[in-house]
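K.L.:
Got a structure here, written out as structure tokens. Questions coming.
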Protein chains: 2
Amino acid sequence: MSAPVGLICGSGRLPIEAAEAALADGREVFLVGLRGAADPEIERFPHVWVRLGEVGKLFKALDGAGAREITLLGGVQRPSIKDLGLDMTGLIAMPELKRLLSGGDDALLRGLVTFVESRGYRVIGVREAAPGLLAPEGIFGAHEADGASAEAVSAAMSVLAALGPFDVGQAAVALGSRVVAIEAAEGTDGMLRRVTRMVQKRRLRRDGRGGVLVKLPKPGQDLRIDLPAIGPRTVELAIQAGLAGIAVAAGGVLIAEQARVIAMADEGGLFLAGIPQGAYGAS
Amino acid sequence: MSAPVGLICGSGRLPIEAAEAALADGREVFLVGLRGAADPEIERFPHVWVRLGEVGKLFKALDGAGAREITLLGGVQRPSIKDLGLDMTGLIAMPELKRLLSGGDDALLRGLVTFVESRGYRVIGVREAAPGLLAPEGIFGAHEADGASAEAVSAAMSVLAALGPFDVGQAAVALGSRVVAIEAAEGTDGMLRRVTRMVQKRRLRRDGRGGVLVKLPKPGQDLRIDLPAIGPRTVELAIQAGLAGIAVAAGGVLIAEQARVIAMADEGGLFLAGIPQGAYGAS
């Protein structure tokens with residue numbers, strides 16, 4: 001039996017999906033559920049429950065399972081220090097943890113990676129632990145992209161590439177060669193709702209379905225801890241906005257509930273495309 | 001008496017303001033009101049009314065007034081050909097006009113400029129006809145910008161500069177060093193409403209008032225026919241969004257109803273700043 005990959009599980013379906021995908025890929029898994037965050041369904045797999053501050057228990061469980069590679073999955077609310085449930089190892093690491101908890105979200109995650117790696121574990125991303133969850137290359141639904149959509153993908157990619165150096169905008173919507181919405185702090189869902197409103201108010205003119213959502217990772221983004229994602233909700237909002245399709249970075253964007261995403265897009269008439277890595281210049 | 005500048009007047013207050021500013025600047029004016037568009041108040045000034053297709057009447061009136069320089073001001077709905085009210089000169093120019101009316105908005109305006117200039121007139125911008133309407137350099141209201149706001153202006157300017165080559169985004173909102181909203185097809189007002197919503201939903205965290213709207217012309221934008229603008233509505237929405245201020249390109253952004261804009265910003269606690277041309281690299 002090979003060494004399992006340790007999945008540190010926050011909220012949402014992603015940890016379960018990753019565990020299934022890793023097993024399907026022939027890898028063993030060991031799940032560490034964060035109390036108050038992880039889905040009880042993790043108990044279907046070899047697992048342990050810990051509170052965020054039970055650092056000693058966490059490392060002991062990972063060591064017991066023989067896991068040296070770790071992946072962080074799903075959401076975690078930033079805890080207050082009194083809710084951490086610190087054990088002795090956690091208490092000793094407290095000054096270090098406290099520093100982490102005072103930074104921004106990115107700093108927190110990067111800090112956690114450093115903290116865990118300094119204990120001799122290797123932090124790997126979903127890309128490595130469960131590559132089947134990422135967008136494949138090329139068309140992966142039933143519908144093909146037409147010429148106007150190809151033009152839209154190219155226009156949105158150019159704008160996203162120009163925004164690469166800045167901490168904004170992993171996504172944009174283009175209609176033909178015109179970029180009509182650029183994501184910043186509102187998030188992809190908020191941007192798609194805006195496109196719907198602009199269409200309703202006839203601020204965007206188009207004949208029938210049209211426009212493409214393009215989502216890419218940022219150049220230099222640490223995909224181990226911060227992977228752009230789409231899911232059923234994205235497809236639902238894209239259908240409401242009347243888009244012709246969704247194009248994402250192949251191998252660089254996570255598709256949550258991939259089977260459902262494809263079924264919804266197929267039924268809604270949307271194409272789904274994975275843009276080859278060479279074309280979007282991922283790190 | 002010097003030759004008057006011919007103001008071709010579409011809808012809105014801008015033609016009236018431009019006429020007043022030009023007079024205050026010591027220039028004579030002659031207003032050509034487009035029927036169905038221009039404000040009747042243009043009759044306070046030397047004027048003539050024409051329908052869009054009365055090309056012969058237009059040129060005759062301009063020649064009669066001795067106007068060789070022309071400025072296009074205010075909005076015009078793209079007319080259908082039967083609503084043009086063509087006179088003989090218009091009829092003769094029809095093939096040329098028809099070509100103009102079939103293009104995009106930018107193409108239409110550029111085409112009109114070429115058409116008018118081919119008749120021996122010179123098309124000048126508001127910048128030249130009534131420079132007093134443009135944003136001045138430096139702080140032009142009662143409030144100063146603090147360090148966080150200066151950082152926000154710089155962050156937003158970097159993003160807008162990167163978007164310069166694309167036909168999107170003349171405006172962005174930044175909070176400290178983070179750009180939180182980028183304008184595309186929704187327009188500046190739509191973007192400001194989005195910032196208000198993000199604050200209400202606590203998607204943007206800040207202590208009290210904060211954030212800056214930055215608006216600049218695009219590199220290479222023809223400011224004779226397409227001048228970015230702010231006005232009382234912009235200030236109102238910026239106050240609702242809780243912004244700390246507004247920074248625009250000095251000499252590159254029109255301030256509609258400048259006195260009212262300044263009074264509203266002063267009362268609302270917003271700073272108003274004109275970014276020097278050297279800093280934003282206008283054409």
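Every chain in the structure tokens takes a letter, A first, then B, and so on in the order presented; its residues are numbered from 1, and the ligands are numbered from 1 following the presented order.
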Which residues, written as a PyMOL selection string, have at least one atom at most 8 Å from range 265-274 of chain A, with only C-alpha atoms counted and residues fewer than 2 positions away on the same chain left out?

P.N.:
chain A and resi 135-145+235+239+243-250+261-263+276

K.L.:
Please check the contacts: residues of chain B at most 8 Å away from chain A, using only C-alpha atoms, listed as a short mmCIF file (atom, residue, chain, number, x, y, z; two decimals) with N, CA, C and O atoms, in the first residue's frame.

P.N.:
data_model
loop_
_atom_site.label_atom_id
_atom_site.label_comp_id
_atom_site.auth_asym_id
_atom_site.auth_seq_id
_atom_site.Cartn_x
_atom_site.Cartn_y
_atom_site.Cartn_z
N VAL B 159 -3.85 49.96 -13.02
CA VAL B 159 -4.77 49.04 -13.69
C VAL B 159 -5.33 49.68 -14.96
O VAL B 159 -5.38 49.05 -16.02
N ALA B 162 -2.82 49.62 -17.70
CA ALA B 162 -2.68 48.29 -18.30
C ALA B 162 -3.83 48.00 -19.26
O ALA B 162 -3.67 47.28 -20.25
N LEU B 163 -5.01 48.58 -18.97
CA LEU B 163 -6.18 48.35 -19.82
C LEU B 163 -6.23 49.32 -20.99
O LEU B 163 -7.11 49.23 -21.85
N PHE B 166 -7.06 48.41 -24.61
CA PHE B 166 -8.33 47.73 -24.88
C PHE B 166 -9.48 48.72 -24.83
O PHE B 166 -9.41 49.74 -24.16
N ASP B 167 -10.58 48.35 -25.50
CA ASP B 167 -11.73 49.24 -25.56
C ASP B 167 -12.64 49.00 -24.34
O ASP B 167 -13.80 48.68 -24.47
N VAL B 168 -12.10 49.11 -23.16
CA VAL B 168 -12.85 48.97 -21.91
C VAL B 168 -12.28 49.93 -20.89
O VAL B 168 -11.20 50.47 -21.06
N ARG B 178 -5.80 48.17 -3.14
CA ARG B 178 -6.57 47.14 -3.82
C ARG B 178 -7.62 47.73 -4.76
O ARG B 178 -8.47 48.52 -4.34
N VAL B 179 -7.56 47.33 -6.03
CA VAL B 179 -8.57 47.76 -6.98
C VAL B 179 -9.79 46.86 -6.81
O VAL B 179 -9.69 45.64 -6.97
N VAL B 180 -10.93 47.43 -6.44
CA VAL B 180 -12.10 46.62 -6.10
C VAL B 180 -13.16 46.62 -7.18
O VAL B 180 -14.08 45.81 -7.14
N ALA B 181 -13.07 47.53 -8.15
CA ALA B 181 -14.05 47.54 -9.24
C ALA B 181 -13.42 48.14 -10.48
O ALA B 181 -12.70 49.15 -10.40
N ILE B 182 -13.68 47.51 -11.61
CA ILE B 182 -13.18 47.99 -12.89
C ILE B 182 -14.37 48.17 -13.83
O ILE B 182 -15.18 47.26 -13.98
N GLU B 183 -14.44 49.33 -14.45
CA GLU B 183 -15.56 49.61 -15.35
C GLU B 183 -15.38 48.96 -16.71
O GLU B 183 -14.31 49.02 -17.29
N ALA B 184 -16.44 48.31 -17.19
CA ALA B 184 -16.45 47.89 -18.60
C ALA B 184 -17.76 48.44 -19.17
O ALA B 184 -17.97 49.65 -19.12
N ALA B 185 -18.66 47.56 -19.64
CA ALA B 185 -19.86 48.06 -20.32
C ALA B 185 -20.89 48.66 -19.38
O ALA B 185 -21.81 49.34 -19.82
N GLU B 186 -20.77 48.45 -18.05
CA GLU B 186 -21.81 48.93 -17.14
C GLU B 186 -21.76 50.44 -16.93
O GLU B 186 -22.71 51.02 -16.44
N ARG B 194 -22.29 49.23 -7.77
CA ARG B 194 -21.75 47.93 -7.36
C ARG B 194 -20.90 48.07 -6.10
O ARG B 194 -20.98 47.23 -5.20
N MET B 198 -21.38 46.14 -2.56
CA MET B 198 -20.33 45.32 -1.93
C MET B 198 -20.07 45.78 -0.51
O MET B 198 -19.79 44.97 0.37
N ARG B 203 -18.81 42.77 1.66
CA ARG B 203 -17.83 42.13 0.80
C ARG B 203 -16.56 42.98 0.78
O ARG B 203 -15.47 42.48 0.52
N LEU B 204 -16.73 44.26 1.02
CA LEU B 204 -15.58 45.16 1.18
C LEU B 204 -15.56 45.62 2.63
O LEU B 204 -16.53 46.18 3.12
#

K.L.:
Smallest atom-to-atom distance to Arg127 in chain B: which of B:Val199, B:Leu73, B:Val55, B:Met88, using only C-alpha atoms?

P.N.:
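Smallest distance to Arg127 in chain B is found for B:Leu73.
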
K.L.:
For CA of Leu7 in chain A and CA of Glu69 in chain A, determine how far apart the two atoms are, in Å to one decimal place.

P.N.:
8.6 Å

K.L.:
Excluding Glu43 in chain B and residues on its chain fewer than 5 positions from it, collect all residues at most 9 Å away from it, counting only C-alpha atoms, and give them as an MDAnalysis selection string.

P.N.:
chainID B and resid 31 33 48

K.L.:
Those residues with C-alpha atoms, as a PDB file, in the first residue's frame please?

P.N.:
ATOM      1  CA  LEU B  31     -25.181  77.581 -31.505  1.00  0.00           C
ATOM      2  CA  GLY B  33     -29.531  73.273 -32.085  1.00  0.00           C
ATOM      3  CA  VAL B  48     -30.255  78.364 -35.436  1.00  0.00           C
TER       4      VAL B  48
END

K.L.:
Range 58-246 of chain A: which residues are strand (DSSP E or B) by DSSP, as a ChimeraX atom specification?

P.N.:
/A:69-73,75,122-123,134,138-139,171-175,178-182,212-215,229-230,245-246

K.L.:
Convert the current residue selection to file output with N, CA, C and O atoms, as an mmCIF file, in the first residue's frame.

P.N.:
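Now in out29.cif:
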data_model
loop_
_atom_site.group_PDB
_atom_site.id
_atom_site.type_symbol
_atom_site.label_atom_id
_atom_site.label_comp_id
_atom_site.auth_asym_id
_atom_site.auth_seq_id
_atom_site.Cartn_x
_atom_site.Cartn_y
_atom_site.Cartn_z
ATOM 1 N N GLU A 69 2.402 13.823 2.317
ATOM 2 C CA GLU A 69 1.915 14.858 1.398
ATOM 3 C C GLU A 69 0.529 15.305 1.847
ATOM 4 O O GLU A 69 -0.317 14.481 2.180
ATOM 5 N N ILE A 70 0.331 16.612 1.843
ATOM 6 C CA ILE A 70 -0.897 17.190 2.384
ATOM 7 C C ILE A 70 -1.518 18.147 1.379
ATOM 8 O O ILE A 70 -0.806 18.880 0.704
ATOM 9 N N THR A 71 -2.837 18.125 1.308
ATOM 10 C CA THR A 71 -3.555 19.097 0.482
ATOM 11 C C THR A 71 -4.606 19.786 1.346
ATOM 12 O O THR A 71 -5.293 19.138 2.127
ATOM 13 N N LEU A 72 -4.713 21.101 1.194
ATOM 14 C CA LEU A 72 -5.730 21.873 1.923
ATOM 15 C C LEU A 72 -6.925 22.071 1.005
ATOM 16 O O LEU A 72 -6.782 22.553 -0.115
ATOM 17 N N LEU A 73 -8.114 21.719 1.477
ATOM 18 C CA LEU A 73 -9.294 21.733 0.607
ATOM 19 C C LEU A 73 -10.514 22.324 1.290
ATOM 20 O O LEU A 73 -10.779 22.034 2.459
ATOM 21 N N GLY A 75 -13.411 25.483 2.355
ATOM 22 C CA GLY A 75 -13.349 26.752 3.062
ATOM 23 C C GLY A 75 -13.191 26.617 4.565
ATOM 24 O O GLY A 75 -13.617 25.635 5.160
ATOM 25 N N ARG A 122 4.962 17.806 2.872
ATOM 26 C CA ARG A 122 4.998 18.527 1.614
ATOM 27 C C ARG A 122 3.556 18.907 1.267
ATOM 28 O O ARG A 122 2.671 18.052 1.272
ATOM 29 N N VAL A 123 3.334 20.183 1.023
ATOM 30 C CA VAL A 123 1.987 20.623 0.654
ATOM 31 C C VAL A 123 1.845 20.547 -0.862
ATOM 32 O O VAL A 123 2.630 21.155 -1.592
ATOM 33 N N LEU A 134 -9.679 18.995 -12.302
ATOM 34 C CA LEU A 134 -9.391 20.229 -13.046
ATOM 35 C C LEU A 134 -9.974 20.173 -14.455
ATOM 36 O O LEU A 134 -10.251 19.105 -14.995
ATOM 37 N N GLY A 138 -9.652 21.514 -24.288
ATOM 38 C CA GLY A 138 -10.605 21.429 -25.404
ATOM 39 C C GLY A 138 -12.053 21.443 -24.946
ATOM 40 O O GLY A 138 -12.351 21.661 -23.774
ATOM 41 N N ILE A 139 -12.942 21.209 -25.898
ATOM 42 C CA ILE A 139 -14.390 21.197 -25.607
ATOM 43 C C ILE A 139 -14.690 19.991 -24.729
ATOM 44 O O ILE A 139 -14.328 18.868 -25.073
ATOM 45 N N ALA A 171 -11.390 36.788 -14.017
ATOM 46 C CA ALA A 171 -12.443 36.439 -14.965
ATOM 47 C C ALA A 171 -12.966 37.674 -15.678
ATOM 48 O O ALA A 171 -12.879 38.794 -15.162
ATOM 49 N N ALA A 172 -13.470 37.456 -16.884
ATOM 50 C CA ALA A 172 -14.069 38.528 -17.673
ATOM 51 C C ALA A 172 -15.131 37.913 -18.571
ATOM 52 O O ALA A 172 -15.120 36.711 -18.822
ATOM 53 N N VAL A 173 -16.053 38.761 -19.038
ATOM 54 C CA VAL A 173 -17.049 38.314 -20.013
ATOM 55 C C VAL A 173 -16.880 39.162 -21.262
ATOM 56 O O VAL A 173 -16.789 40.393 -21.170
ATOM 57 N N ALA A 174 -16.797 38.508 -22.418
ATOM 58 C CA ALA A 174 -16.696 39.241 -23.678
ATOM 59 C C ALA A 174 -17.829 38.810 -24.590
ATOM 60 O O ALA A 174 -18.318 37.679 -24.524
ATOM 61 N N LEU A 175 -18.224 39.749 -25.429
ATOM 62 C CA LEU A 175 -19.293 39.533 -26.407
ATOM 63 C C LEU A 175 -18.667 39.898 -27.746
ATOM 64 O O LEU A 175 -18.361 41.071 -27.968
ATOM 65 N N ARG A 178 -15.680 42.446 -27.889
ATOM 66 C CA ARG A 178 -15.803 43.473 -26.855
ATOM 67 C C ARG A 178 -15.883 42.859 -25.458
ATOM 68 O O ARG A 178 -16.753 42.039 -25.169
ATOM 69 N N VAL A 179 -14.975 43.280 -24.581
ATOM 70 C CA VAL A 179 -15.020 42.830 -23.185
ATOM 71 C C VAL A 179 -16.048 43.691 -22.457
ATOM 72 O O VAL A 179 -15.901 44.908 -22.395
ATOM 73 N N VAL A 180 -17.107 43.080 -21.945
ATOM 74 C CA VAL A 180 -18.212 43.842 -21.369
ATOM 75 C C VAL A 180 -18.230 43.830 -19.845
ATOM 76 O O VAL A 180 -18.933 44.614 -19.226
ATOM 77 N N ALA A 181 -17.458 42.942 -19.225
ATOM 78 C CA ALA A 181 -17.406 42.916 -17.760
ATOM 79 C C ALA A 181 -16.072 42.344 -17.314
ATOM 80 O O ALA A 181 -15.580 41.367 -17.881
ATOM 81 N N ILE A 182 -15.498 42.978 -16.302
ATOM 82 C CA ILE A 182 -14.225 42.530 -15.745
ATOM 83 C C ILE A 182 -14.425 42.320 -14.255
ATOM 84 O O ILE A 182 -14.935 43.200 -13.562
ATOM 85 N N VAL A 212 -19.106 35.065 -23.734
ATOM 86 C CA VAL A 212 -18.374 33.964 -23.103
ATOM 87 C C VAL A 212 -17.768 34.429 -21.779
ATOM 88 O O VAL A 212 -17.218 35.527 -21.690
ATOM 89 N N LEU A 213 -17.919 33.583 -20.761
ATOM 90 C CA LEU A 213 -17.194 33.795 -19.503
ATOM 91 C C LEU A 213 -15.833 33.139 -19.634
ATOM 92 O O LEU A 213 -15.752 31.951 -19.984
ATOM 93 N N VAL A 214 -14.774 33.897 -19.390
ATOM 94 C CA VAL A 214 -13.418 33.332 -19.423
ATOM 95 C C VAL A 214 -12.821 33.467 -18.025
ATOM 96 O O VAL A 214 -12.850 34.551 -17.429
ATOM 97 N N LYS A 215 -12.300 32.365 -17.488
ATOM 98 C CA LYS A 215 -11.708 32.385 -16.148
ATOM 99 C C LYS A 215 -10.347 31.706 -16.179
ATOM 100 O O LYS A 215 -10.213 30.584 -16.662
ATOM 101 N N ALA A 229 -12.049 28.455 -9.477
ATOM 102 C CA ALA A 229 -13.014 27.364 -9.619
ATOM 103 C C ALA A 229 -14.291 27.832 -10.284
ATOM 104 O O ALA A 229 -14.652 29.008 -10.225
ATOM 105 N N ILE A 230 -14.943 26.918 -10.969
ATOM 106 C CA ILE A 230 -16.325 27.129 -11.386
ATOM 107 C C ILE A 230 -17.126 25.929 -10.895
ATOM 108 O O ILE A 230 -16.541 24.902 -10.535
ATOM 109 N N GLY A 245 -21.179 30.343 -23.759
ATOM 110 C CA GLY A 245 -20.314 29.323 -23.188
ATOM 111 C C GLY A 245 -19.366 29.832 -22.127
ATOM 112 O O GLY A 245 -19.368 31.014 -21.768
ATOM 113 N N ILE A 246 -18.582 28.894 -21.616
ATOM 114 C CA ILE A 246 -17.597 29.174 -20.566
ATOM 115 C C ILE A 246 -16.271 28.578 -21.014
ATOM 116 O O ILE A 246 -16.215 27.414 -21.423
#

K.L.:
Pick the closest to Glu236 in chain B from B:Thr196, B:Ser118, B:Gln221, B:Gln77: which is it, counting only C-alpha atoms?

P.N.:
B:Thr196

K.L.:
As a VMD selection string, please: the residues near range 64-66 of chain A (cut-off 10 Å, only C-alpha atoms, same-chain neighbours under 2 positions excluded).

P.N.:
chain A and resid 2 to 6 29 to 31 46 to 47 58 to 62 68 to 69
